[in-house]
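A.B. asks: Please find one structure pasted underneath; my questions will follow.
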Amino acid sequence: METKNIFETKALPLLPSAMAAAYNAGQITLVDEVIYFTKDLKSNTSVDMVLASDVQSTGLTNVNAGKLEQGNYMLLTGVRLRTATITAGGNVAEADFSGQLNKNVANGEIEINVSGKPILPRMSNGRFVTGTTAKWNNYFALDCPKLIVPSAPIDAKLYLSAGCAGLVAARLELHGVMTVRA
């Protein structure tokens, strides 16, 4: 309920008037949403987590070209960074992301931009190291939720302290609430 209140007070005034009217009329509702991007880190020390060539595919990403579909607005309230060990040539979509962050990722940095504007300026991945395997491990709640508008390009880059020899995959999750037709 808290996120809905934040959406109504912070994001609703930023929506186009027709969209706000549709929400107030009950034609649009809010749903919890997690947008994710999964990549094999290979031996790279910097990895683009979102590419314009990304195509929606279960286990890899749930958006096309790193953009929300037309008519969908999302209030981003948190970011989660996860890693998994994979076998050489393994299927990244089938990786188990339930463990702690790989040390090369944990000791690295991340930056996330939407339409060229920072959501998370380049910062330490240490913020994602929670020291627990609880449900919300590796989660960072935003103090200032951000509105992501339809068709705005999402750009995220991981900087690693060292390459991972092709045996680690990373998943970036953007958590929040999204508008959908009721």
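FYI, nothing fancy with the structure tokens labels: chains A, B, ... in order, residues from 1 per chain, ligands from 1 as they appear.
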Which residues, written as a list in words, have at least one atom at most 12 Å from segment 4-16 of chain A, with only C-alpha atoms counted and residues fewer than 5 positions away on the same chain left out?

C.D. replies: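 The neighbour list is Ala21, Ala22, Tyr23, Asn24, Ile28, Thr29, Leu30, Val31, Asp32, Gly71, Asn72, Tyr73, Met74, Leu75, Leu76, Thr77, Asp143, Cys144, Pro145, Lys146, Leu147, Ile148, Val149, Pro150, Gly176, Val177, Met178 and Thr179 of chain A.
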
A.B. asks: Go ahead and write the residues just picked, C-alpha atoms, as a short mmCIF file (atom, residue, chain, number, x, y, z; two decimals), in the first residue's frame.

C.D. replies:
data_model
loop_
_atom_site.label_atom_id
_atom_site.label_comp_id
_atom_site.auth_asym_id
_atom_site.auth_seq_id
_atom_site.Cartn_x
_atom_site.Cartn_y
_atom_site.Cartn_z
CA ALA A 21 -7.73 10.64 -15.85
CA ALA A 22 -7.86 6.97 -16.90
CA TYR A 23 -6.23 5.98 -13.59
CA ASN A 24 -8.69 8.10 -11.59
CA ILE A 28 -5.85 1.79 -15.37
CA THR A 29 -4.63 0.00 -12.28
CA LEU A 30 -1.28 -0.52 -10.58
CA VAL A 31 0.52 -3.84 -10.38
CA ASP A 32 3.75 -4.88 -8.71
CA GLY A 71 1.15 3.07 -22.31
CA ASN A 72 3.10 1.51 -19.41
CA TYR A 73 4.61 3.76 -16.75
CA MET A 74 6.67 2.39 -13.88
CA LEU A 75 7.55 3.91 -10.54
CA LEU A 76 10.92 2.36 -9.73
CA THR A 77 11.27 1.81 -5.97
CA ASP A 143 15.08 6.75 -1.16
CA CYS A 144 13.81 8.75 -4.15
CA PRO A 145 11.61 6.56 -6.39
CA LYS A 146 11.93 7.35 -10.10
CA LEU A 147 9.29 7.35 -12.85
CA ILE A 148 10.15 5.40 -16.00
CA VAL A 149 8.04 6.44 -18.98
CA PRO A 150 7.12 4.34 -22.05
CA GLY A 176 8.35 -1.09 -8.60
CA VAL A 177 4.73 -0.56 -9.61
CA MET A 178 3.50 -0.30 -13.18
CA THR A 179 0.35 0.98 -14.82
#

A.B. asks: Using backbone DSSP assignments, extract all helix (DSSP H, G or I) residues from segment 24-160 of chain A; output them as a list in words.

C.D. replies: Asn24, Val92, Ala93, Glu94, Lys103, Asn104, Val105, Ala106, Asn125, Gly126, Arg127 and Phe128 of chain A

A.B. asks: Just the residues within 12 Å of Thr58 of chain A, please, counting only C-alpha atoms, with nothing from its chain fewer than 6 positions along; format it as a PyMOL selection string.

C.D. replies: chain A and resi 35-38+64+91-95

A.B. asks: What's the separation between atom CA of Val180 of chain A and atom CA of Val114 of chain A, in Å to one decimal place?

C.D. replies: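 Computing it gives 20.2 Å between the two atoms.
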
A.B. asks: Identify, with DSSP run on backbone atoms, the residues in chain A assigned to strand (DSSP E), and express the list as number ranges by chain.

C.D. replies: A: 28-40, 46-48, 74-85, 109-114, 117-124, 139-148, 154-159, 168-181

A.B. asks: Need the shell around Leu142 of chain A: protein/DNA/RNA residues with any atom at most 12 Å away, counting only C-alpha atoms. Skip same-chain ones fewer than 6 positions apart. Format as a PyMOL selection string?

C.D. replies: chain A and resi 3+75-80+119-120+127-128+174-176

A.B. asks: Keeping C-alpha atoms for every residue in the selection just given, could you write it to a file as a PDB file, in the first residue's frame?

C.D. replies:
ATOM      1  CA  THR A   3       4.163   2.161  -2.883  1.00  0.00           C
ATOM      2  CA  LEU A  75       7.546   3.909 -10.539  1.00  0.00           C
ATOM      3  CA  LEU A  76      10.921   2.362  -9.727  1.00  0.00           C
ATOM      4  CA  THR A  77      11.268   1.805  -5.971  1.00  0.00           C
ATOM      5  CA  GLY A  78      14.222  -0.577  -5.741  1.00  0.00           C
ATOM      6  CA  VAL A  79      17.039  -2.331  -7.571  1.00  0.00           C
ATOM      7  CA  ARG A  80      18.320  -5.850  -7.030  1.00  0.00           C
ATOM      8  CA  ILE A 119      18.587   6.589 -11.788  1.00  0.00           C
ATOM      9  CA  LEU A 120      21.667   5.346  -9.937  1.00  0.00           C
ATOM     10  CA  ARG A 127      25.241  -1.549  -1.383  1.00  0.00           C
ATOM     11  CA  PHE A 128      23.786  -4.789  -2.703  1.00  0.00           C
ATOM     12  CA  LEU A 174      14.179  -3.147 -11.392  1.00  0.00           C
ATOM     13  CA  HIS A 175      11.367  -3.350  -8.788  1.00  0.00           C
ATOM     14  CA  GLY A 176       8.346  -1.089  -8.598  1.00  0.00           C
TER      15      GLY A 176
END

A.B. asks: Can you tell me, as a list in words, what residues are no more than 8 Å from Asp54 of chain A when counting only C-alpha atoms, ignoring any on the same chain fewer than 5 positions away?

C.D. replies: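 In the requested format, the answer is Thr61, Val63, Asn64, Ala65 and Gly66 of chain A.
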
A.B. asks: Using only C-alpha atoms, which residues sit within 7 Å of Thr83 of chain A once same-chain residues fewer than 4 positions away are excluded, as a PDB file with C-alpha atoms, in the first residue's frame?

C.D. replies:
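Generated file (around.pdb):
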ATOM      1  CA  PHE A  97      20.441 -16.608  -8.795  1.00  0.00           C
ATOM      2  CA  LEU A 101      26.986 -11.820  -5.127  1.00  0.00           C
ATOM      3  CA  ASN A 102      30.113 -13.026  -6.874  1.00  0.00           C
ATOM      4  CA  VAL A 168      29.276 -16.046 -13.894  1.00  0.00           C
ATOM      5  CA  ALA A 169      25.959 -14.555 -14.999  1.00  0.00           C
ATOM      6  CA  ALA A 170      24.352 -11.427 -13.555  1.00  0.00           C
ATOM      7  CA  ARG A 171      20.702 -10.450 -13.276  1.00  0.00           C
TER       8      ARG A 171
END

A.B. asks: Rank A:Val105, A:Tyr159, A:Ala182, A:Leu68 by their smallest atom-to-atom distance to Glu33 of chain A, using only C-alpha atoms, and report the top residue only.

C.D. replies: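 Closest candidate: A:Leu68.
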
A.B. asks: I want to know what sits within 7 Å of Leu160 of chain A, based on only C-alpha atoms, with residues of the same chain fewer than 3 positions away left out; could you give that as a list in words?

C.D. replies: Thr45, Ser46, Asn104, Val105, Asn107, Gly108, Glu109 and Gly163 of chain A

A.B. asks: As an exercise, work out the distance from atom CA of Leu81 of chain A to atom CA of Leu158 of chain A in Å and give it to one decimal place.

C.D. replies: 9.9 Å
